[in-house]
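Next comes final18.tsv, a file with TSV, C-alpha atoms.
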chain	number	residue	atom	x	y	z
R	75	MET	CA	117.83	81.41	50.68
R	76	THR	CA	114.59	79.47	51.09
R	77	SER	CA	111.09	80.59	50.27
R	78	SER	CA	108.95	82.72	52.58
R	79	SER	CA	106.60	79.86	53.51
R	80	THR	CA	109.13	77.12	54.33
R	81	CYS	CA	112.57	76.94	55.86
R	82	ALA	CA	115.44	74.58	55.37
R	83	ALA	CA	115.68	71.68	57.75
R	84	ALA	CA	119.07	72.81	59.05
R	85	ALA	CA	117.79	76.34	59.68
R	86	CYS	CA	114.67	75.09	61.46
R	87	GLN	CA	116.76	72.84	63.66
R	88	LYS	CA	118.81	75.89	64.60
R	89	ASP	CA	115.63	77.41	65.92
R	90	PHE	CA	115.53	74.94	68.82
R	91	LEU	CA	111.88	74.23	68.07
R	92	ASN	CA	111.90	71.05	65.98
R	93	GLN	CA	109.56	69.10	68.28
R	94	SER	CA	107.28	66.56	66.67
R	95	ALA	CA	103.89	68.13	67.40
R	96	THR	CA	101.17	65.67	68.39
R	97	LEU	CA	97.61	66.30	67.34
R	98	PRO	CA	95.47	65.41	70.42
R	99	GLY	CA	97.39	67.44	73.02
R	100	ASN	CA	97.60	70.58	70.91
R	101	ILE	CA	93.91	70.42	69.97
R	102	VAL	CA	92.92	70.14	73.65
R	103	PHE	CA	94.93	73.20	74.65
R	104	LEU	CA	93.67	75.11	71.62
R	105	ILE	CA	90.04	74.42	72.58
R	106	PHE	CA	90.58	75.47	76.19
R	107	PHE	CA	92.34	78.72	75.34
R	108	VAL	CA	89.72	79.62	72.73
R	109	ALA	CA	86.95	78.96	75.27
R	110	LEU	CA	88.63	81.20	77.88
R	111	PHE	CA	88.67	84.24	75.60
R	112	PRO	CA	84.90	85.02	75.72
R	113	VAL	CA	84.86	84.19	79.43
R	114	ALA	CA	87.50	86.84	80.09
R	115	ALA	CA	85.65	89.38	77.92
R	116	VAL	CA	82.29	88.78	79.66
R	117	LEU	CA	83.80	88.93	83.16
R	118	GLY	CA	85.62	92.15	82.31
R	119	ALA	CA	82.40	93.81	81.17
R	120	ARG	CA	80.44	92.39	84.10
R	121	TYR	CA	82.80	93.56	86.86
R	122	LYS	CA	84.12	96.69	85.11
R	123	SER	CA	87.74	95.56	84.99
R	124	LEU	CA	88.38	96.16	81.33
R	125	TRP	CA	92.13	96.77	81.43
R	126	PHE	CA	92.85	93.75	83.63
R	127	THR	CA	90.70	91.32	81.67
R	128	ALA	CA	91.83	92.83	78.35
R	129	ALA	CA	95.41	91.83	79.19
R	130	ILE	CA	94.26	88.32	80.10
R	131	ALA	CA	92.09	88.03	76.97
R	132	THR	CA	95.02	89.18	74.83
R	133	GLY	CA	97.29	86.59	76.43
R	134	VAL	CA	94.71	83.85	75.96
R	135	ALA	CA	94.20	84.82	72.30
R	136	LEU	CA	97.96	84.73	71.68
R	137	GLU	CA	98.18	81.32	73.34
R	138	ALA	CA	95.41	80.03	71.06
R	139	VAL	CA	97.20	81.43	68.02
R	140	GLY	CA	100.39	79.72	69.19
R	141	TYR	CA	98.68	76.35	69.27
R	142	VAL	CA	97.25	76.98	65.82
R	143	GLY	CA	100.86	77.36	64.73
R	144	ARG	CA	101.71	74.03	66.35
R	145	LEU	CA	98.92	72.36	64.37
R	146	LEU	CA	100.38	73.86	61.20
R	147	LEU	CA	103.72	72.37	62.14
R	148	TYR	CA	102.03	69.00	62.58
R	149	ASN	CA	100.98	69.05	58.92
R	150	MET	CA	104.21	70.64	57.65
R	151	ILE	CA	107.24	70.48	59.92
R	152	ASN	CA	109.14	73.11	57.89
R	153	SER	CA	106.32	75.66	57.76
R	154	ARG	CA	107.81	79.10	58.37
R	155	ALA	CA	104.39	80.62	59.07
R	156	GLY	CA	103.53	77.89	61.57
R	157	LEU	CA	106.88	78.31	63.33
R	158	THR	CA	106.50	82.10	63.55
R	159	ILE	CA	102.93	81.89	64.88
R	160	PHE	CA	103.84	79.17	67.36
R	161	VAL	CA	106.87	80.95	68.82
R	162	GLY	CA	105.25	84.39	68.90
R	163	GLY	CA	101.98	83.21	70.42
R	164	THR	CA	103.35	80.95	73.15
R	165	ILE	CA	106.07	83.45	74.11
R	166	LEU	CA	104.08	86.72	74.12
R	167	GLY	CA	100.80	85.38	75.53
R	168	PRO	CA	102.10	84.52	79.02
R	169	THR	CA	103.87	87.89	79.21
R	170	CYS	CA	100.55	89.71	78.76
R	171	ILE	CA	98.93	87.61	81.49
R	172	CYS	CA	101.95	88.22	83.72
R	173	GLY	CA	101.57	91.98	83.23
R	174	ALA	CA	97.95	91.74	84.38
R	175	CYS	CA	99.05	89.99	87.57
R	176	PHE	CA	101.44	92.80	88.44
R	177	SER	CA	98.50	95.21	88.79
R	178	ILE	CA	96.85	93.22	91.58
R	179	LEU	CA	99.31	93.71	94.46
R	180	PRO	CA	98.88	97.51	94.93
R	181	ARG	CA	95.12	97.01	95.27
R	182	ILE	CA	95.62	94.30	97.89
R	183	VAL	CA	98.00	96.51	99.88
R	184	ALA	CA	95.54	99.42	99.73
R	185	LEU	CA	92.87	97.27	101.39
R	186	TYR	CA	94.93	97.01	104.56
R	187	GLY	CA	96.02	100.65	104.64
R	188	GLU	CA	98.32	103.18	103.00
R	189	GLU	CA	100.96	102.60	105.71
R	190	TYR	CA	101.74	99.18	104.23
R	191	HIS	CA	102.85	100.55	100.86
R	192	GLY	CA	106.56	99.75	100.57
R	193	TRP	CA	106.74	101.79	97.36
R	194	ARG	CA	104.65	104.59	96.08
R	195	PRO	CA	102.04	103.30	93.59
R	196	LEU	CA	103.57	105.47	90.87
R	197	TRP	CA	107.03	103.96	91.32
R	198	TYR	CA	105.57	100.46	91.42
R	199	ARG	CA	103.61	100.97	88.21
R	200	VAL	CA	106.53	102.60	86.37
R	201	LEU	CA	108.94	99.80	87.31
R	202	PHE	CA	106.74	96.88	86.32
R	203	SER	CA	105.36	98.65	83.26
R	204	VAL	CA	108.90	99.25	81.99
R	205	LEU	CA	109.92	95.65	82.69
R	206	THR	CA	106.79	94.22	81.04
R	207	ILE	CA	107.07	96.42	77.95
R	208	ALA	CA	110.80	95.69	77.65
R	209	ALA	CA	110.14	91.95	77.89
R	210	LEU	CA	107.38	92.15	75.26
R	211	VAL	CA	109.50	94.12	72.81
R	212	LEU	CA	112.56	91.88	73.22
R	213	GLN	CA	110.51	88.72	72.91
R	214	LEU	CA	108.68	90.01	69.84
R	215	VAL	CA	111.89	91.05	68.08
R	216	GLY	CA	113.63	87.82	69.04
R	217	SER	CA	110.71	85.63	67.96
R	218	VAL	CA	110.41	87.29	64.56
R	219	THR	CA	114.17	87.32	63.94
R	220	VAL	CA	114.72	83.71	64.92
R	221	THR	CA	111.88	82.39	62.76
R	222	ILE	CA	112.14	84.41	59.53
R	223	GLN	CA	115.92	84.51	59.17
R	224	ASP	CA	118.02	81.72	57.67
R	225	ILE	CA	121.43	83.33	58.18
R	226	GLU	CA	123.11	81.73	61.17
R	227	VAL	CA	124.36	85.02	62.61
R	228	MET	CA	120.88	86.57	62.49
R	229	VAL	CA	119.36	83.45	64.03
R	230	ASP	CA	121.89	83.67	66.87
R	231	ILE	CA	121.05	87.34	67.42
R	232	GLY	CA	117.33	86.51	67.52
R	233	THR	CA	117.95	83.68	69.96
R	234	TYR	CA	119.97	85.87	72.31
R	235	THR	CA	117.35	88.61	72.11
R	236	LEU	CA	114.66	86.10	73.00
R	237	ILE	CA	116.73	84.88	75.94
R	238	VAL	CA	117.17	88.42	77.23
R	239	GLY	CA	113.43	89.08	76.92
R	240	LEU	CA	112.57	85.97	78.93
R	241	ALA	CA	115.26	86.88	81.48
R	242	VAL	CA	113.71	90.34	81.94
R	243	GLN	CA	110.33	88.74	82.52
R	244	LEU	CA	111.83	86.32	85.04
R	245	ILE	CA	113.53	89.21	86.87
R	246	ALA	CA	110.23	91.07	87.04
R	247	LEU	CA	108.56	88.01	88.55
R	248	VAL	CA	111.33	87.60	91.12
R	249	ILE	CA	111.05	91.28	92.14
R	250	PHE	CA	107.30	90.84	92.43
R	251	VAL	CA	107.70	87.77	94.65
R	252	VAL	CA	110.21	89.58	96.90
R	253	HIS	CA	107.94	92.61	97.20
R	254	SER	CA	104.93	90.41	98.00
R	255	THR	CA	106.90	88.48	100.62
R	256	LEU	CA	108.06	91.69	102.31
R	257	PHE	CA	104.48	92.95	102.39
R	258	ALA	CA	103.29	89.70	103.99
R	259	LEU	CA	106.03	89.91	106.64
R	260	THR	CA	105.24	93.56	107.32
R	261	LEU	CA	101.58	92.72	107.71
R	262	ARG	CA	102.40	90.11	110.33
R	263	THR	CA	105.07	91.98	112.29
R	264	THR	CA	104.14	95.67	112.07
R	265	LYS	CA	101.47	97.06	114.39
R	266	HIS	CA	99.97	99.56	111.97
R	267	ALA	CA	96.25	100.01	112.32
R	268	LEU	CA	94.38	98.17	109.58
R	269	ASN	CA	91.98	100.08	107.40
R	270	PRO	CA	88.54	99.37	108.90
R	271	ARG	CA	86.77	100.48	105.75
R	272	PHE	CA	87.57	97.24	103.88
R	273	SER	CA	87.71	94.88	106.86
R	274	HIS	CA	84.73	92.93	105.54
R	275	ILE	CA	86.79	92.12	102.42
R	276	TYR	CA	90.20	91.13	103.78
R	277	LYS	CA	88.64	89.13	106.63
R	278	SER	CA	86.42	87.09	104.33
R	279	THR	CA	87.17	83.47	103.45
R	280	LEU	CA	86.78	84.19	99.74
R	281	PHE	CA	89.50	86.85	99.84
R	282	ARG	CA	91.92	84.58	101.68
R	283	SER	CA	91.23	81.81	99.18
R	284	SER	CA	91.95	84.24	96.35
R	285	LEU	CA	95.32	85.07	97.92
R	286	ILE	CA	96.23	81.37	97.89
R	287	ALA	CA	95.10	81.09	94.27
R	288	PHE	CA	97.08	84.19	93.31
R	289	THR	CA	100.19	82.75	94.95
R	290	ILE	CA	99.78	79.56	92.91
R	291	VAL	CA	99.41	81.65	89.73
R	292	ILE	CA	102.69	83.47	90.34
R	293	LEU	CA	104.52	80.22	91.11
R	294	LEU	CA	103.17	78.64	87.91
R	295	MET	CA	104.37	81.63	85.89
R	296	LEU	CA	107.80	81.39	87.51
R	297	VAL	CA	108.05	77.72	86.55
R	298	ARG	CA	106.86	78.39	82.98
R	299	THR	CA	109.21	81.33	82.39
R	300	ALA	CA	112.20	79.50	83.83
R	301	TYR	CA	111.40	76.48	81.64
R	302	ARG	CA	111.15	78.48	78.40
R	303	LEU	CA	114.35	80.35	79.23
R	304	LEU	CA	116.18	77.08	79.88
R	305	GLN	CA	114.67	75.49	76.76
R	306	ILE	CA	116.01	78.20	74.49
R	307	ALA	CA	119.34	78.57	76.27
R	308	GLU	CA	120.11	74.83	76.14
R	309	GLY	CA	120.00	74.78	72.36
R	310	PRO	CA	118.06	72.86	69.69
R	311	HIS	CA	119.48	69.42	70.35
R	312	SER	CA	118.92	69.24	74.10
R	313	PHE	CA	116.34	66.95	75.67
R	314	ILE	CA	114.40	69.86	77.17
R	315	ALA	CA	114.07	71.45	73.73
R	316	ARG	CA	112.86	68.30	71.96
R	317	ALA	CA	110.46	66.83	74.54
R	318	GLU	CA	106.95	67.89	73.56
R	319	GLY	CA	105.40	66.33	76.65
R	320	LEU	CA	107.58	68.56	78.78
R	321	PHE	CA	106.46	71.57	76.76
R	322	LEU	CA	102.77	70.74	77.10
R	323	ALA	CA	103.14	70.22	80.86
R	324	LEU	CA	105.42	73.11	81.81
R	325	ASP	CA	104.15	75.68	79.31
R	326	GLY	CA	100.64	74.83	78.17
R	327	ALA	CA	99.28	73.29	81.38
R	328	THR	CA	100.84	75.87	83.70
R	329	MET	CA	99.45	78.83	81.74
R	330	LEU	CA	96.04	77.19	81.35
R	331	LEU	CA	95.76	76.54	85.09
R	332	ALA	CA	97.04	80.04	85.93
R	333	THR	CA	94.48	81.67	83.61
R	334	VAL	CA	91.61	79.58	84.99
R	335	LEU	CA	92.55	80.56	88.57
R	336	LEU	CA	92.71	84.24	87.63
R	337	LEU	CA	89.24	84.10	86.07
R	338	VAL	CA	87.66	82.01	88.83
R	339	PHE	CA	89.10	84.30	91.53
R	340	LEU	CA	88.76	87.46	89.47
R	341	PRO	CA	90.12	90.30	91.63
R	342	ALA	CA	87.37	92.70	90.56
R	343	ARG	CA	84.74	90.24	91.77
R	344	ILE	CA	86.56	89.50	95.02
R	345	LEU	CA	87.21	93.16	95.90
R	346	GLY	CA	83.77	94.39	94.88
R	347	GLU	CA	83.40	98.13	95.40
R	348	ALA	CA	87.03	98.32	96.54
R	349	TRP	CA	88.21	97.55	93.00
R	350	SER	CA	87.44	101.10	91.81
R	351	GLU	CA	88.49	102.63	95.14
R	352	THR	CA	91.96	101.08	94.84
R	353	SER	CA	92.62	102.02	91.22
R	354	PHE	CA	96.01	103.45	90.29
R	355	VAL	CA	94.63	106.97	89.79
R	356	ARG	CA	93.02	107.10	93.22
R	357	LEU	CA	95.99	105.53	94.95
R	358	SER	CA	98.31	108.11	93.38
R	359	ARG	CA	96.07	110.96	94.51
R	360	GLN	CA	95.91	109.62	98.05
R	361	THR	CA	99.67	109.19	98.18
R	362	ARG	CA	100.27	112.76	96.98
R	363	ARG	CA	97.76	114.05	99.51
R	364	LEU	CA	99.52	112.22	102.35
R	365	ALA	CA	102.99	113.30	101.24
R	366	ARG	CA	102.09	116.95	100.70
R	367	PRO	CA	102.60	119.06	103.88
R	368	ALA	CA	99.71	121.03	105.24
R	369	PRO	CA	99.70	124.64	104.06
R	370	ALA	CA	101.02	127.20	106.51
R	371	ARG	CA	98.34	129.22	108.28
R	372	ILE	CA	98.97	132.93	108.75
R	373	MET	CA	97.73	134.08	112.15
R	374	MET	CA	96.16	137.50	111.68
R	375	TYR	CA	96.29	139.85	114.64
R	376	GLN	CA	92.90	140.61	116.05
R	377	PRO	CA	92.96	143.98	117.89
R	378	GLY	CA	91.48	143.95	121.34
R	379	ARG	CA	92.17	144.75	124.97
R	380	ALA	CA	94.84	142.53	126.45
R	381	PRO	CA	97.20	142.77	129.43
R	382	ASP	CA	100.64	144.12	128.65
R	383	CYS	CA	103.88	144.05	130.58
R	384	LEU	CA	104.30	147.77	129.87
R	385	ASN	CA	100.89	148.62	131.35
R	386	MET	CA	99.65	149.76	127.98
R	387	HIS	CA	95.91	149.74	127.56
R	388	TYR	CA	96.24	148.82	123.86
R	389	PRO	CA	99.34	146.87	122.88
R	390	MET	CA	99.45	148.23	119.34
R	391	ARG	CA	99.49	151.90	120.49
R	392	THR	CA	102.92	153.55	120.30
R	393	TYR	CA	104.56	155.01	123.35
R	394	SER	CA	104.57	158.75	123.80
R	395	SER	CA	106.62	160.54	126.46
R	396	GLU	CA	104.04	163.33	126.69
R	397	ARG	CA	101.49	160.96	128.18
R	398	THR	CA	101.87	160.23	131.88
R	399	ASN	CA	99.70	157.17	132.17
R	400	TYR	CA	102.26	154.94	130.41
R	401	ALA	CA	105.19	153.28	132.05
R	402	THR	CA	108.58	153.98	130.60
R	403	PRO	CA	109.46	151.36	127.96
R	404	ILE	CA	112.45	149.18	128.62
R	405	SER	CA	114.22	150.53	125.56
R	406	GLN	CA	114.25	154.06	127.04
R	407	ARG	CA	115.05	153.28	130.67
R	408	ASP	CA	118.85	153.48	130.13
R	409	SER	CA	118.60	157.01	128.81
R	410	LYS	CA	116.58	158.04	131.88
R	411	LEU	CA	119.21	156.50	134.10
R	412	GLU	CA	121.99	158.45	132.37
R	413	GLN	CA	120.16	161.74	132.80
R	414	ALA	CA	119.45	161.13	136.49
R	415	PHE	CA	123.07	160.32	137.47
R	416	HIS	CA	124.82	162.41	134.79
R	417	ILE	CA	126.66	159.40	133.39
R	418	PRO	CA	128.46	160.12	130.11
R	419	PRO	CA	126.91	158.30	127.16
R	420	PHE	CA	130.14	156.61	126.25
R	421	PHE	CA	130.65	155.12	129.74
R	422	PHE	CA	128.78	151.96	128.97
R	423	SER	CA	130.70	151.38	125.77
R	424	LEU	CA	134.00	151.85	127.60
R	425	GLN	CA	133.03	149.30	130.20
R	426	VAL	CA	132.08	146.80	127.55
R	427	SER	CA	135.32	147.31	125.61
R	428	GLU	CA	137.44	146.87	128.78
R	429	VAL	CA	135.74	143.60	129.53
What is this file in structure tokens?
Amino acid sequence: MTSSSTCAAAACQKDFLNQSATLPGNIVFLIFFVALFPVAAVLGARYKSLWFTAAIATGVALEAVGYVGRLLLYNMINSRAGLTIFVGGTILGPTCICGACFSILPRIVALYGEEYHGWRPLWYRVLFSVLTIAALVLQLVGSVTVTIQDIEVMVDIGTYTLIVGLAVQLIALVIFVVHSTLFALTLRTTKHALNPRFSHIYKSTLFRSSLIAFTIVILLMLVRTAYRLLQIAEGPHSFIARAEGLFLALDGATMLLATVLLLVFLPARILGEAWSETSFVRLSRQTRRLARPAPARIMMYQPGRAPDCLNMHYPMRTYSSERTNYATPISQRDSKLEQAFHIPPFFFSLQVSEV
């Protein structure tokens, strides 16, 4: 068993991460990700989107920590601490940013109208929250296991756990893309009336540009997640696992560009006052209000003079045979007929039974 600060060369090679880190590229990405952290914090406070920008700031901070780990590996290739920080930061950071992106689509749909919601906002949030949390937990456990363990069986378990975590994240992104595509098709083909309240937002050029930017962000995340999944699944000795240039292009550059686009086209700034109006709490309340049937109204009888088929002056007054100004009720006409013609009471029942 090796010490806690270094790992054996064979064990590190098993971790599929024995790239020769270069100094200039990693320093550039480290500087950019560090610079984006205060930008995200300031924009979140400025446009009152704390939860959204907090997820982005957390992802950016983890990315910066990951590149600090790569610089540690540059000085000491067998550094266990550098390997752990690198794997954990560059794996978990994009997942946090991806989770922030999942919260944008329900707000966009709400701008056009509640009729365009394919799912209820509660179901949407539960599904993507579960997938994001599951991906984070699996990736965290896999990253820690694969970097601190030297036993081959434990390293294999950590690797498989990491693969499953990345696969869950990729599945969530695919579901998100399918849901977004269906919404776009529904918007073009269905003749639902658009919500006129936010027409000045979804008809603006800035909003349409933000949709294009958001589409690019999702595609970049798909490419990055698929690359990291393939990198780990191919094993430590594959070309895709050893090529640092490929890592910097398909992981570092994609996430840097995606984060910059999210901050430049910050949804809270684009939506303006609609950002708070389309929050999850308000969308859930509106959905429950639309789904809940209107309460039944009990019609109370208001007494008054009204025409009656029985020539009764007041419909609610009971019939009395002692009063002559009332017509005979229908229910008592048969008995009058029997008395007039002396028909036995059981005659009618006999006729019915014979028939």
Do a neighbour search on R:Leu247 at 9 Å with only C-alpha atoms, toss out local chain neighbours closer than 6 positions, and write the hits as a ChimeraX atom specification. /R:172,176,292,295-296
For R:Tyr301, which residue out of R:Gly173, R:Gly187, R:Pro112, R:Gly326 is the nearest one, using all atoms listed in the file? R:Gly326
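For the choices R:Ile286, R:Pro341, R:Ser217, R:Phe202, the atom-to-atom distance to R:Ile249 is smallest for R:Phe202 when using only C-alpha atoms.
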Residues around (112.2, 88.4, 70.4), cut-off 8 Å, counting only C-alpha atoms - what are they as a PDB file with C-alpha atoms, in the frame of the given file?
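Full text of result_31.pdb as output:
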ATOM      1  CA  LEU R 210     107.380  92.150  75.260  1.00  0.00           C
ATOM      2  CA  VAL R 211     109.500  94.120  72.810  1.00  0.00           C
ATOM      3  CA  LEU R 212     112.560  91.880  73.220  1.00  0.00           C
ATOM      4  CA  GLN R 213     110.510  88.720  72.910  1.00  0.00           C
ATOM      5  CA  LEU R 214     108.680  90.010  69.840  1.00  0.00           C
ATOM      6  CA  VAL R 215     111.890  91.050  68.080  1.00  0.00           C
ATOM      7  CA  GLY R 216     113.630  87.820  69.040  1.00  0.00           C
ATOM      8  CA  SER R 217     110.710  85.630  67.960  1.00  0.00           C
ATOM      9  CA  VAL R 218     110.410  87.290  64.560  1.00  0.00           C
ATOM     10  CA  THR R 219     114.170  87.320  63.940  1.00  0.00           C
ATOM     11  CA  VAL R 220     114.720  83.710  64.920  1.00  0.00           C
ATOM     12  CA  GLY R 232     117.330  86.510  67.520  1.00  0.00           C
ATOM     13  CA  THR R 233     117.950  83.680  69.960  1.00  0.00           C
ATOM     14  CA  THR R 235     117.350  88.610  72.110  1.00  0.00           C
ATOM     15  CA  LEU R 236     114.660  86.100  73.000  1.00  0.00           C
ATOM     16  CA  ILE R 237     116.730  84.880  75.940  1.00  0.00           C
ATOM     17  CA  GLY R 239     113.430  89.080  76.920  1.00  0.00           C
TER      18      GLY R 239
END
Report, in Å with one decimal, the straight-line distance from atom CA of R:Glu137 to atom CA of R:Ala109. 11.6 Å
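The coordinates place atom CA of R:Gly143 at 11.1 Å from atom CA of R:Ile101.
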